[in-house]
file upload-v9.txt (compact mmCIF, C-alpha atoms and all ligand atoms)
# COMPACT_ATOMS: atom_id res chain seq x y z
CA MET A 93 3.78 20.39 10.41
CA THR A 94 2.81 20.11 6.73
CA ASN A 95 -0.93 19.73 6.97
CA PRO A 96 -2.30 18.98 10.43
CA ALA A 97 -5.86 18.41 9.16
CA ALA A 98 -4.95 15.59 6.79
CA THR A 99 -4.95 12.19 8.39
CA VAL A 100 -3.26 9.47 6.35
CA LEU A 101 -4.50 5.88 6.56
CA VAL A 102 -1.74 3.39 5.66
CA THR A 103 -2.43 -0.33 5.17
CA GLY A 104 0.37 -2.82 5.81
CA ALA A 105 1.78 -0.48 8.42
CA SER A 106 3.39 -3.05 10.71
CA HIS A 107 6.52 -3.68 8.65
CA GLY A 108 8.11 -3.43 5.20
CA ILE A 109 7.22 -0.66 2.77
CA GLY A 110 4.04 0.32 4.64
CA ARG A 111 5.99 0.88 7.85
CA ALA A 112 8.60 2.97 5.99
CA ILE A 113 5.85 5.08 4.43
CA SER A 114 4.19 5.61 7.83
CA LEU A 115 7.43 6.85 9.37
CA ALA A 116 8.28 9.12 6.41
CA LEU A 117 4.85 10.75 6.57
CA ALA A 118 4.98 11.11 10.34
CA ARG A 119 8.37 12.81 10.07
CA SER A 120 6.76 15.32 7.69
CA GLY A 121 4.08 16.10 10.24
CA PHE A 122 1.13 14.10 8.94
CA PRO A 123 -1.03 12.37 11.51
CA VAL A 124 -0.80 8.73 10.43
CA LEU A 125 -3.15 5.89 11.23
CA GLY A 126 -1.57 2.56 10.35
CA VAL A 127 -3.57 -0.66 10.03
CA SER A 128 -2.44 -4.29 9.96
CA ARG A 129 -3.13 -7.54 11.81
CA THR A 130 -0.19 -7.15 14.18
CA PRO A 131 1.26 -3.95 15.71
CA PRO A 132 4.28 -2.21 14.12
CA GLU A 133 7.46 -4.20 14.69
CA ASP A 134 9.59 -1.38 16.07
CA ARG A 135 7.60 0.71 18.46
CA PRO A 136 10.20 2.80 20.25
CA ASP A 137 9.55 4.89 23.30
CA PRO A 138 7.47 7.88 22.02
CA ALA A 139 9.16 10.12 24.58
CA ARG A 140 12.48 9.51 22.82
CA SER A 141 11.35 9.58 19.20
CA SER A 142 8.98 12.33 18.09
CA GLU A 143 8.31 10.86 14.63
CA HIS A 144 6.60 7.88 16.20
CA THR A 145 4.22 9.92 18.33
CA SER A 146 2.00 10.83 15.39
CA VAL A 147 1.69 7.24 14.14
CA GLN A 148 -1.35 5.56 15.59
CA TRP A 149 -2.25 1.96 14.94
CA LYS A 150 -5.45 -0.03 14.56
CA GLU A 151 -5.93 -3.75 14.08
CA LEU A 152 -7.40 -4.80 10.73
CA ASP A 153 -7.52 -8.09 8.86
CA LEU A 154 -8.11 -7.20 5.20
CA SER A 155 -8.90 -10.82 4.32
CA ASN A 156 -12.04 -10.53 6.45
CA ALA A 157 -14.66 -8.36 4.71
CA ALA A 158 -16.69 -7.92 7.90
CA ASP A 159 -13.57 -6.70 9.70
CA VAL A 160 -12.98 -4.11 6.96
CA GLU A 161 -16.57 -2.87 7.27
CA ARG A 162 -16.21 -2.67 11.08
CA CYS A 163 -12.94 -0.78 10.79
CA VAL A 164 -14.44 1.77 8.39
CA SER A 165 -17.44 2.27 10.70
CA SER A 166 -15.10 2.93 13.61
CA LEU A 167 -13.40 5.69 11.56
CA GLU A 168 -16.57 7.72 11.06
CA ALA A 169 -15.25 10.70 13.02
CA VAL A 170 -11.72 10.59 11.57
CA PRO A 171 -11.08 13.03 8.67
CA ILE A 172 -9.11 10.74 6.37
CA ARG A 173 -7.88 12.51 3.28
CA PHE A 174 -5.04 10.30 2.10
CA LEU A 175 -5.14 6.52 1.72
CA ILE A 176 -1.95 4.52 1.13
CA LEU A 177 -2.37 0.85 0.14
CA SER A 178 0.68 -1.25 1.00
CA ALA A 179 -0.64 -4.39 2.72
CA VAL A 180 0.11 -7.62 0.94
CA ASP A 181 -0.21 -11.34 1.36
CA TYR A 182 2.37 -12.88 -0.98
CA GLY A 183 0.97 -16.38 -0.43
CA PRO A 184 2.82 -19.33 1.03
CA GLY A 185 6.40 -20.29 0.19
CA GLN A 186 8.10 -20.13 -3.17
CA ARG A 187 6.55 -19.65 -6.62
CA HIS A 188 4.28 -22.50 -7.63
CA PRO A 189 2.09 -23.29 -10.66
CA ALA A 190 -1.56 -22.27 -10.76
CA ALA A 191 -2.62 -25.94 -10.73
CA GLU A 192 -1.18 -26.23 -7.21
CA ILE A 193 -2.92 -23.20 -5.69
CA SER A 194 -5.42 -24.21 -3.02
CA ALA A 195 -8.82 -22.58 -2.62
CA GLN A 196 -7.61 -21.25 0.73
CA GLU A 197 -4.61 -19.55 -0.91
CA TRP A 198 -6.85 -17.94 -3.56
CA GLN A 199 -9.14 -16.65 -0.83
CA GLN A 200 -6.33 -15.38 1.38
CA VAL A 201 -4.24 -13.69 -1.32
CA VAL A 202 -7.03 -12.24 -3.47
CA GLY A 203 -9.14 -11.57 -0.36
CA THR A 204 -6.38 -9.51 1.27
CA ASN A 205 -4.67 -7.75 -1.61
CA CYS A 206 -7.67 -7.09 -3.84
CA ILE A 207 -11.05 -7.54 -2.16
CA GLY A 208 -10.13 -6.16 1.28
CA HIS A 209 -8.48 -3.11 -0.27
CA ALA A 210 -11.36 -2.66 -2.74
CA ILE A 211 -13.94 -2.61 0.07
CA LEU A 212 -11.79 -0.18 2.05
CA VAL A 213 -11.40 2.15 -0.93
CA SER A 214 -15.06 2.10 -1.90
CA ARG A 215 -16.25 2.78 1.66
CA LEU A 216 -13.75 5.61 2.18
CA LEU A 217 -14.41 7.39 -1.13
CA PRO A 218 -16.99 9.85 0.31
CA LYS A 219 -14.59 10.72 3.11
CA LEU A 220 -11.64 11.19 0.74
CA ALA A 221 -13.72 13.42 -1.52
CA ALA A 222 -15.11 15.46 1.38
CA ASN A 223 -11.94 17.56 1.61
CA PRO A 224 -10.69 17.57 -1.97
CA PRO A 225 -8.46 16.54 -3.43
CA GLY A 226 -8.29 13.21 -1.63
CA ILE A 227 -5.28 11.12 -2.59
CA ILE A 228 -4.93 7.35 -2.95
CA VAL A 229 -1.48 5.84 -3.43
CA ASN A 230 -1.41 2.15 -4.30
CA ILE A 231 1.88 0.29 -4.01
CA SER A 232 1.28 -1.77 -7.10
CA SER A 233 3.63 -4.28 -8.71
CA ASP A 234 5.06 -5.28 -12.06
CA VAL A 235 2.97 -8.47 -11.82
CA ALA A 236 -0.16 -6.32 -12.10
CA ILE A 237 0.84 -5.33 -15.65
CA SER A 238 3.14 -8.22 -16.59
CA PRO A 239 2.16 -11.46 -14.80
CA ALA A 240 4.91 -14.02 -14.25
CA ALA A 241 4.84 -17.82 -14.09
CA GLY A 242 4.33 -19.27 -10.64
CA ARG A 243 2.64 -16.17 -9.27
CA ALA A 244 -0.96 -16.54 -10.48
CA ALA A 245 -2.70 -15.70 -7.19
CA TYR A 246 -0.43 -12.75 -6.38
CA ALA A 247 -0.68 -11.46 -9.97
CA ALA A 248 -4.48 -11.77 -10.03
CA SER A 249 -4.77 -9.95 -6.71
CA LYS A 250 -2.50 -7.07 -7.73
CA ALA A 251 -4.01 -6.75 -11.22
CA GLY A 252 -7.52 -6.74 -9.73
CA LEU A 253 -6.82 -3.86 -7.37
CA HIS A 254 -4.86 -1.99 -10.05
CA ALA A 255 -7.84 -2.22 -12.44
CA MET A 256 -10.33 -1.33 -9.71
CA LEU A 257 -8.43 1.88 -8.98
CA ARG A 258 -8.25 2.78 -12.67
CA ALA A 259 -12.03 2.45 -12.78
CA VAL A 260 -12.40 4.66 -9.69
CA ALA A 261 -10.06 7.24 -11.26
CA ALA A 262 -12.28 7.28 -14.35
CA GLU A 263 -15.32 7.99 -12.15
CA LYS A 264 -13.88 10.95 -10.25
CA PRO A 265 -12.47 14.26 -11.51
CA VAL A 266 -8.86 14.85 -10.46
CA GLU A 267 -9.91 17.98 -8.56
CA CYS A 268 -11.81 15.59 -6.28
CA LEU A 269 -9.56 12.54 -6.12
CA ARG A 270 -5.98 11.90 -7.25
CA ILE A 271 -4.98 8.25 -7.61
CA TYR A 272 -1.34 7.22 -7.97
CA GLN A 273 -0.27 3.64 -8.64
CA LEU A 274 3.42 3.00 -8.03
CA ILE A 275 5.26 0.07 -9.60
CA PRO A 276 8.71 -0.48 -8.09
CA THR A 277 11.21 -1.52 -10.78
CA PHE A 278 13.45 -3.01 -8.08
CA GLN A 279 13.09 -5.49 -5.27
CA VAL A 280 12.85 -4.14 -1.75
CA ALA A 281 14.28 -6.06 1.19
CA THR A 282 11.23 -6.49 3.40
CA ARG A 283 10.14 -9.15 5.85
CA GLY A 284 7.59 -10.47 3.35
CA LEU A 285 10.21 -10.99 0.65
CA ARG A 286 12.86 -12.31 3.01
CA ARG A 287 10.43 -15.04 4.02
CA ARG A 288 10.29 -16.15 0.39
CA ARG A 289 14.06 -16.31 -0.15
CA ALA A 290 16.66 -18.88 0.94
CA PRO A 291 18.32 -18.13 4.32
CA ASP A 292 21.68 -17.40 2.64
CA PHE A 293 20.16 -15.17 -0.09
CA ASP A 294 22.23 -12.07 -0.98
CA PHE A 295 20.02 -8.98 -0.63
CA SER A 296 22.79 -6.48 -1.44
CA SER A 297 21.18 -5.42 -4.75
CA TYR A 298 17.78 -4.91 -3.11
CA GLY A 299 16.45 -1.45 -2.33
CA ASP A 300 15.61 0.15 0.99
CA PRO A 301 11.91 0.51 1.91
CA ALA A 302 12.71 4.12 2.86
CA VAL A 303 12.94 4.94 -0.88
CA MET A 304 9.22 4.21 -1.23
CA GLY A 305 8.54 6.22 1.94
CA ALA A 306 10.22 9.28 0.43
CA VAL A 307 8.34 8.88 -2.89
CA VAL A 308 4.94 8.71 -1.19
CA GLU A 309 5.81 11.62 1.09
CA ARG A 310 6.47 13.76 -2.00
CA LEU A 311 3.19 12.72 -3.65
CA VAL A 312 1.02 13.78 -0.72
CA SER A 313 3.02 16.91 0.08
CA PRO A 314 0.96 20.09 -0.45
CA SER A 315 4.12 21.76 -1.77
CA ASP A 316 4.32 19.27 -4.69
CA THR A 317 1.00 19.02 -6.51
CA SER A 318 2.67 19.08 -9.94
CA ARG A 319 2.68 15.31 -10.46
CA SER A 320 -0.32 14.19 -12.56
CA PRO A 321 -2.32 11.27 -11.17
CA GLY A 322 -1.69 7.95 -12.92
CA THR A 323 0.65 4.99 -12.89
CA TYR A 324 4.40 5.41 -12.38
CA LEU A 325 7.41 3.14 -12.46
CA VAL A 326 9.62 3.85 -9.43
CA ARG A 327 13.38 3.63 -9.94
CA GLN A 328 15.72 2.55 -7.15
CA ASP A 329 16.97 6.14 -6.76
CA GLY A 330 13.39 7.27 -6.06
CA THR A 331 12.75 8.88 -9.44
CA LEU A 332 9.43 8.28 -11.21
CA GLU A 333 8.72 7.46 -14.84
CA PRO A 334 5.13 7.69 -16.13
CA TYR A 335 3.71 4.37 -17.27
CA SER A 336 1.18 4.42 -20.13
CA GLU A 337 -1.72 2.15 -19.31
CA PRO A 338 -3.36 0.43 -22.31
CA SER A 339 -6.10 2.72 -23.58
CA ARG A 340 -9.73 1.70 -24.09
CA VAL A 341 -10.57 -0.03 -27.35
N1 LIG A 401 9.12 -5.83 -1.54
C1 LIG A 401 9.21 -5.68 -2.85
O1 LIG A 401 10.25 -5.92 -3.47
C2 LIG A 401 8.01 -5.19 -3.64
C3 LIG A 401 8.15 -5.02 -5.03
C4 LIG A 401 7.05 -4.56 -5.76
C5 LIG A 401 5.88 -4.26 -5.11
N2 LIG A 401 5.77 -4.46 -3.76
C6 LIG A 401 4.50 -4.13 -3.12
O2 LIG A 401 4.78 -3.34 -1.97
C7 LIG A 401 3.79 -3.54 -0.97
C8 LIG A 401 4.43 -3.86 0.37
O3 LIG A 401 5.20 -5.03 0.24
P1 LIG A 401 6.23 -5.48 1.40
O4 LIG A 401 7.29 -6.27 0.73
O5 LIG A 401 6.57 -4.30 2.25
O6 LIG A 401 5.32 -6.51 2.24
P2 LIG A 401 5.58 -7.15 3.68
O7 LIG A 401 6.94 -6.87 4.20
O8 LIG A 401 5.17 -8.60 3.57
O9 LIG A 401 4.51 -6.41 4.58
C9 LIG A 401 3.15 -6.67 4.32
C10 LIG A 401 2.27 -5.83 5.24
O10 LIG A 401 0.91 -6.21 4.96
C11 LIG A 401 0.26 -6.57 6.18
N3 LIG A 401 -0.73 -7.61 5.95
C12 LIG A 401 -0.52 -8.86 5.44
N4 LIG A 401 -1.69 -9.53 5.43
C13 LIG A 401 -2.64 -8.70 5.93
C14 LIG A 401 -4.03 -8.82 6.19
N5 LIG A 401 -4.72 -9.95 5.94
N6 LIG A 401 -4.70 -7.76 6.71
C15 LIG A 401 -4.05 -6.61 6.98
N7 LIG A 401 -2.72 -6.43 6.77
C16 LIG A 401 -2.04 -7.47 6.25
C17 LIG A 401 1.42 -7.06 7.08
O11 LIG A 401 1.10 -6.89 8.45
P3 LIG A 401 0.50 -8.01 9.40
O12 LIG A 401 1.17 -9.31 9.06
O13 LIG A 401 0.80 -7.47 10.77
O14 LIG A 401 -0.97 -8.01 9.11
C18 LIG A 401 2.52 -6.08 6.70
O15 LIG A 401 2.38 -4.87 7.43
C19 LIG A 401 2.90 -4.67 -1.50
O16 LIG A 401 1.74 -4.12 -2.07
C20 LIG A 401 3.74 -5.35 -2.59
O17 LIG A 401 2.92 -5.92 -3.59
C21 LIG A 401 6.81 -4.91 -3.02

call {"tool": "encode", "arguments": {"input": "upload-v9.txt", "output": "C-alpha cells"}}
result
Amino acid sequence: MTNPAATVLVTGASHGIGRAISLALARSGFPVLGVSRTPPEDRPDPARSSEHTSVQWKELDLSNAADVERCVSSLEAVPIRFLILSAVDYGPGQRHPAAEISAQEWQQVVGTNCIGHAILVSRLLPKLAANPPGIIVNISSDVAISPAAGRAAYAASKAGLHAMLRAVAAEKPVECLRIYQLIPTFQVATRGLRRRRAPDFDFSSYGDPAVMGAVVERLVSPSDTSRSPGTYLVRQDGTLEPYSEPSRV
C-alpha cells in the first residue's frame, strides 16, 4: 500500500475518466471514496477483485448545493487528503448556439461542473490542508482555455472552475496545497461522449480513460513529488506538457 492514511475523494466516479482514476488509485493502494449520482457501472464481486475492495461509493448530486453541503458534513470524520474532480454534465445532445441554451441547461451544466465542485473544494480546503500537502487534481478541458462555438454552457462551466482553482492556488502555499489542472489534448471514449456522437461514430482514434487514471496516480504518488503544481496538457501517451496560464496584468 502506498499511503494508507490518504483517502482520495473522486467526483464522477461511476463511469468514464473518474471511474478509471478510482480504479488506478485503488490498485496503488489508496483508499478511494467515489461520488456520483448513480453507483459505479461495473461493480464486480469484491471477493474476486481486490482493487475494487478499497473503492467506496457515496451518492452525491453536484447540481444540488444543499446535497454538496450535506455530503461534506457527512465526511467530517474522513481524513481526505486528495481531491480529484472528474464529474461533468456535458449538457443535452449535440453542440448548439448560446441563443438556444435554456435556463435549465445553464443551471444544470454550470451548477454541476462549476458551482457544485467549487462548493466541494471550498468546504474541503481545511481538511486537505490539515495533513499537508493536500492535492487537488481537476480534469479540466481545452474549452476552459479556448472556448469553441456551440459549447457556451460547457465552456463557461469548465472555465469557471479552472479560474476558481487558480485563485485557490494563489491563496495557498504549495507546501500546504498542490493543485494540478489537466487538459487532455485528445478525446477519450467515455459514456458521456458516446452519448453525444452518432451511433455509427468511429471511436478508433479516441484514447482510453485508463491513460488519465495512470497520470493522476503518478501525480498523487508519494514517490513522485517532482512535478510542480500548475496546468498541464496531457498527451495521448500519458506524457505531460506544462501549460503557461496568462499572467496577471
Ligand atoms: N472524454 C473526453 O474526451 C474529455 C476530454 C477533455 C476533458 N474531459 C473532462 O474529463 C472529465 C470526465 O469526463 P468523462 O467523459 O469521463 O465524463 P462522463 O463519461 O460523462 O462521466 C461523467 C461523470 O460525472 C458524473 N456526474 C454527472 N452529473 C453529475 C452530478 N450532477 N452530480 C454528480 N456527479 C455527476 C457521472 O455520474 P452520474 O451520472 O452517476 O452522476 C459520471 O460519473 C470531465 O471533467 C470532462 O470535462 C473529458

call {"tool": "closest_atom_pairs", "arguments": {"input": "upload-v9.txt", "of": "chain A", "to": "ligand LIG 401 (chain A)", "cutoff": "7 Å", "atoms": "all atoms listed in the file", "output": "JSON lines"}}
result
{"residue": "A:Thr103", "atom": "CA", "partner": "A:LIG401", "partner_atom": "N7", "distance": 6.3}
{"residue": "A:Gly104", "atom": "CA", "partner": "A:LIG401", "partner_atom": "O15", "distance": 3.3}
{"residue": "A:Ala105", "atom": "CA", "partner": "A:LIG401", "partner_atom": "O15", "distance": 4.5}
{"residue": "A:Ser106", "atom": "CA", "partner": "A:LIG401", "partner_atom": "O15", "distance": 3.9}
{"residue": "A:His107", "atom": "CA", "partner": "A:LIG401", "partner_atom": "O15", "distance": 4.5}
{"residue": "A:Gly108", "atom": "CA", "partner": "A:LIG401", "partner_atom": "O5", "distance": 3.4}
{"residue": "A:Ile109", "atom": "CA", "partner": "A:LIG401", "partner_atom": "O5", "distance": 3.7}
{"residue": "A:Gly110", "atom": "CA", "partner": "A:LIG401", "partner_atom": "O5", "distance": 5.8}
{"residue": "A:Arg111", "atom": "CA", "partner": "A:LIG401", "partner_atom": "O15", "distance": 6.8}
{"residue": "A:Val127", "atom": "CA", "partner": "A:LIG401", "partner_atom": "N7", "distance": 6.7}
{"residue": "A:Ser128", "atom": "CA", "partner": "A:LIG401", "partner_atom": "N7", "distance": 3.9}
{"residue": "A:Arg129", "atom": "CA", "partner": "A:LIG401", "partner_atom": "O14", "distance": 3.5}
{"residue": "A:Thr130", "atom": "CA", "partner": "A:LIG401", "partner_atom": "O13", "distance": 3.6}
{"residue": "A:Pro131", "atom": "CA", "partner": "A:LIG401", "partner_atom": "O13", "distance": 6.1}
{"residue": "A:Leu152", "atom": "CA", "partner": "A:LIG401", "partner_atom": "C15", "distance": 5.3}
{"residue": "A:Asp153", "atom": "CA", "partner": "A:LIG401", "partner_atom": "N6", "distance": 3.6}
{"residue": "A:Leu154", "atom": "CA", "partner": "A:LIG401", "partner_atom": "N6", "distance": 3.8}
{"residue": "A:Ser155", "atom": "CA", "partner": "A:LIG401", "partner_atom": "N5", "distance": 4.6}
{"residue": "A:Leu177", "atom": "CA", "partner": "A:LIG401", "partner_atom": "O16", "distance": 6.8}
{"residue": "A:Ser178", "atom": "CA", "partner": "A:LIG401", "partner_atom": "O16", "distance": 4.3}
{"residue": "A:Ala179", "atom": "CA", "partner": "A:LIG401", "partner_atom": "O10", "distance": 3.3}
{"residue": "A:Val180", "atom": "CA", "partner": "A:LIG401", "partner_atom": "O10", "distance": 4.3}
{"residue": "A:Asp181", "atom": "CA", "partner": "A:LIG401", "partner_atom": "N4", "distance": 4.7}
{"residue": "A:Tyr182", "atom": "CA", "partner": "A:LIG401", "partner_atom": "O8", "distance": 6.8}
{"residue": "A:Thr204", "atom": "CA", "partner": "A:LIG401", "partner_atom": "N5", "distance": 5.0}
{"residue": "A:Ile231", "atom": "CA", "partner": "A:LIG401", "partner_atom": "O16", "distance": 4.8}
{"residue": "A:Ser232", "atom": "CA", "partner": "A:LIG401", "partner_atom": "O16", "distance": 5.6}
{"residue": "A:Ser233", "atom": "CA", "partner": "A:LIG401", "partner_atom": "C5", "distance": 4.2}
{"residue": "A:Asp234", "atom": "CA", "partner": "A:LIG401", "partner_atom": "C4", "distance": 6.6}
{"residue": "A:Lys250", "atom": "CA", "partner": "A:LIG401", "partner_atom": "O17", "distance": 6.9}
{"residue": "A:Ile275", "atom": "CA", "partner": "A:LIG401", "partner_atom": "C5", "distance": 6.3}
{"residue": "A:Pro276", "atom": "CA", "partner": "A:LIG401", "partner_atom": "C4", "distance": 5.0}
{"residue": "A:Phe278", "atom": "CA", "partner": "A:LIG401", "partner_atom": "O1", "distance": 6.3}
{"residue": "A:Gln279", "atom": "CA", "partner": "A:LIG401", "partner_atom": "O1", "distance": 3.4}
{"residue": "A:Val280", "atom": "CA", "partner": "A:LIG401", "partner_atom": "O1", "distance": 3.6}
{"residue": "A:Ala281", "atom": "CA", "partner": "A:LIG401", "partner_atom": "N1", "distance": 5.8}
{"residue": "A:Thr282", "atom": "CA", "partner": "A:LIG401", "partner_atom": "O7", "distance": 4.4}
{"residue": "A:Arg283", "atom": "CA", "partner": "A:LIG401", "partner_atom": "O7", "distance": 4.3}
{"residue": "A:Gly284", "atom": "CA", "partner": "A:LIG401", "partner_atom": "O8", "distance": 3.1}
{"residue": "A:Leu285", "atom": "CA", "partner": "A:LIG401", "partner_atom": "O4", "distance": 5.6}

call {"tool": "atom_distance", "arguments": {"input": "upload-v9.txt", "atom1": "atom CA of Pro184 of chain A", "atom2": "atom CA of Asp294 of chain A"}}
result
20.8 Å

call {"tool": "closest_residue", "arguments": {"input": "upload-v9.txt", "among": "A:Ile176, A:Ala169, A:Leu125, A:Ala248", "to": "Met304 of chain A", "atoms": "all atoms listed in the file"}}
result
A:Ile176

call {"tool": "atom_distance", "arguments": {"input": "upload-v9.txt", "atom1": "atom CA of Val213 of chain A", "atom2": "atom CA of Ala251 of chain A"}}
result
15.5 Å

call {"tool": "residues_near_point", "arguments": {"input": "upload-v9.txt", "point": "(-4.3, 10.5, 10.8)", "cutoff": "10 Å", "atoms": "all atoms listed in the file", "output": "list in words"}}
result
Pro96, Ala97, Ala98, Thr99, Val100, Leu101, Val102, Ala118, Phe122, Pro123, Val124, Leu125, Gly126, Ser146, Val147, Gln148, Trp149, Val170, Pro171, Ile172, Arg173, Phe174 and Leu175 of chain A

call {"tool": "atom_distance", "arguments": {"input": "upload-v9.txt", "atom1": "atom CA of Asn223 of chain A", "atom2": "atom CA of Asp159 of chain A"}}
result
25.6 Å

call {"tool": "axis_aligned_box", "arguments": {"input": "upload-v9.txt", "around": "segment 241-260 of chain A", "padding_each_side": "6 Å", "output": "AutoDock Vina command-line options"}}
result
--center_x -3.8 --center_y -7.3 --center_z -10.2 --size_x 29.2 --size_y 35.9 --size_z 19.7

call {"tool": "build_atoms", "arguments": {"input": "upload-v9.txt", "residues": "segment 184-205 of chain A", "atoms": "N, CA and C atoms", "output": "compact mmCIF listing (two decimals), keeping the file's coordinate frame"}}
result
# COMPACT_ATOMS: atom_id res chain seq x y z
N PRO A 184 1.84 -18.50 0.33
CA PRO A 184 2.82 -19.33 1.03
C PRO A 184 4.03 -19.68 0.16
N GLY A 185 5.19 -19.70 0.78
CA GLY A 185 6.40 -20.29 0.19
C GLY A 185 6.85 -19.69 -1.13
N GLN A 186 7.50 -20.54 -1.90
CA GLN A 186 8.10 -20.13 -3.17
C GLN A 186 7.04 -20.08 -4.28
N ARG A 187 7.46 -19.64 -5.46
CA ARG A 187 6.55 -19.65 -6.62
C ARG A 187 6.04 -21.07 -6.88
N HIS A 188 4.79 -21.18 -7.27
CA HIS A 188 4.28 -22.50 -7.63
C HIS A 188 3.20 -22.34 -8.70
N PRO A 189 3.02 -23.40 -9.54
CA PRO A 189 2.09 -23.29 -10.66
C PRO A 189 0.64 -23.13 -10.22
N ALA A 190 -0.16 -22.54 -11.09
CA ALA A 190 -1.56 -22.27 -10.76
C ALA A 190 -2.31 -23.55 -10.38
N ALA A 191 -1.93 -24.67 -11.01
CA ALA A 191 -2.62 -25.94 -10.73
C ALA A 191 -2.45 -26.37 -9.27
N GLU A 192 -1.43 -25.82 -8.60
CA GLU A 192 -1.18 -26.23 -7.21
C GLU A 192 -1.72 -25.23 -6.18
N ILE A 193 -2.42 -24.22 -6.64
CA ILE A 193 -2.92 -23.20 -5.69
C ILE A 193 -4.22 -23.70 -5.06
N SER A 194 -4.23 -23.73 -3.74
CA SER A 194 -5.42 -24.21 -3.02
C SER A 194 -6.49 -23.12 -3.00
N ALA A 195 -7.72 -23.55 -2.73
CA ALA A 195 -8.82 -22.58 -2.62
C ALA A 195 -8.53 -21.60 -1.48
N GLN A 196 -7.92 -22.12 -0.41
CA GLN A 196 -7.61 -21.25 0.73
C GLN A 196 -6.60 -20.16 0.34
N GLU A 197 -5.60 -20.55 -0.48
CA GLU A 197 -4.61 -19.55 -0.91
C GLU A 197 -5.28 -18.48 -1.79
N TRP A 198 -6.14 -18.92 -2.73
CA TRP A 198 -6.85 -17.94 -3.56
C TRP A 198 -7.60 -16.95 -2.67
N GLN A 199 -8.33 -17.52 -1.67
CA GLN A 199 -9.14 -16.65 -0.83
C GLN A 199 -8.29 -15.69 -0.01
N GLN A 200 -7.17 -16.21 0.52
CA GLN A 200 -6.33 -15.38 1.38
C GLN A 200 -5.63 -14.28 0.59
N VAL A 201 -5.04 -14.66 -0.55
CA VAL A 201 -4.24 -13.69 -1.32
C VAL A 201 -5.13 -12.67 -2.04
N VAL A 202 -6.14 -13.17 -2.76
CA VAL A 202 -7.03 -12.24 -3.47
C VAL A 202 -7.89 -11.49 -2.45
N GLY A 203 -8.31 -12.21 -1.39
CA GLY A 203 -9.14 -11.57 -0.36
C GLY A 203 -8.43 -10.42 0.33
N THR A 204 -7.15 -10.56 0.59
CA THR A 204 -6.38 -9.51 1.27
C THR A 204 -6.01 -8.38 0.31
N ASN A 205 -5.30 -8.77 -0.75
CA ASN A 205 -4.67 -7.75 -1.61
C ASN A 205 -5.68 -7.00 -2.47
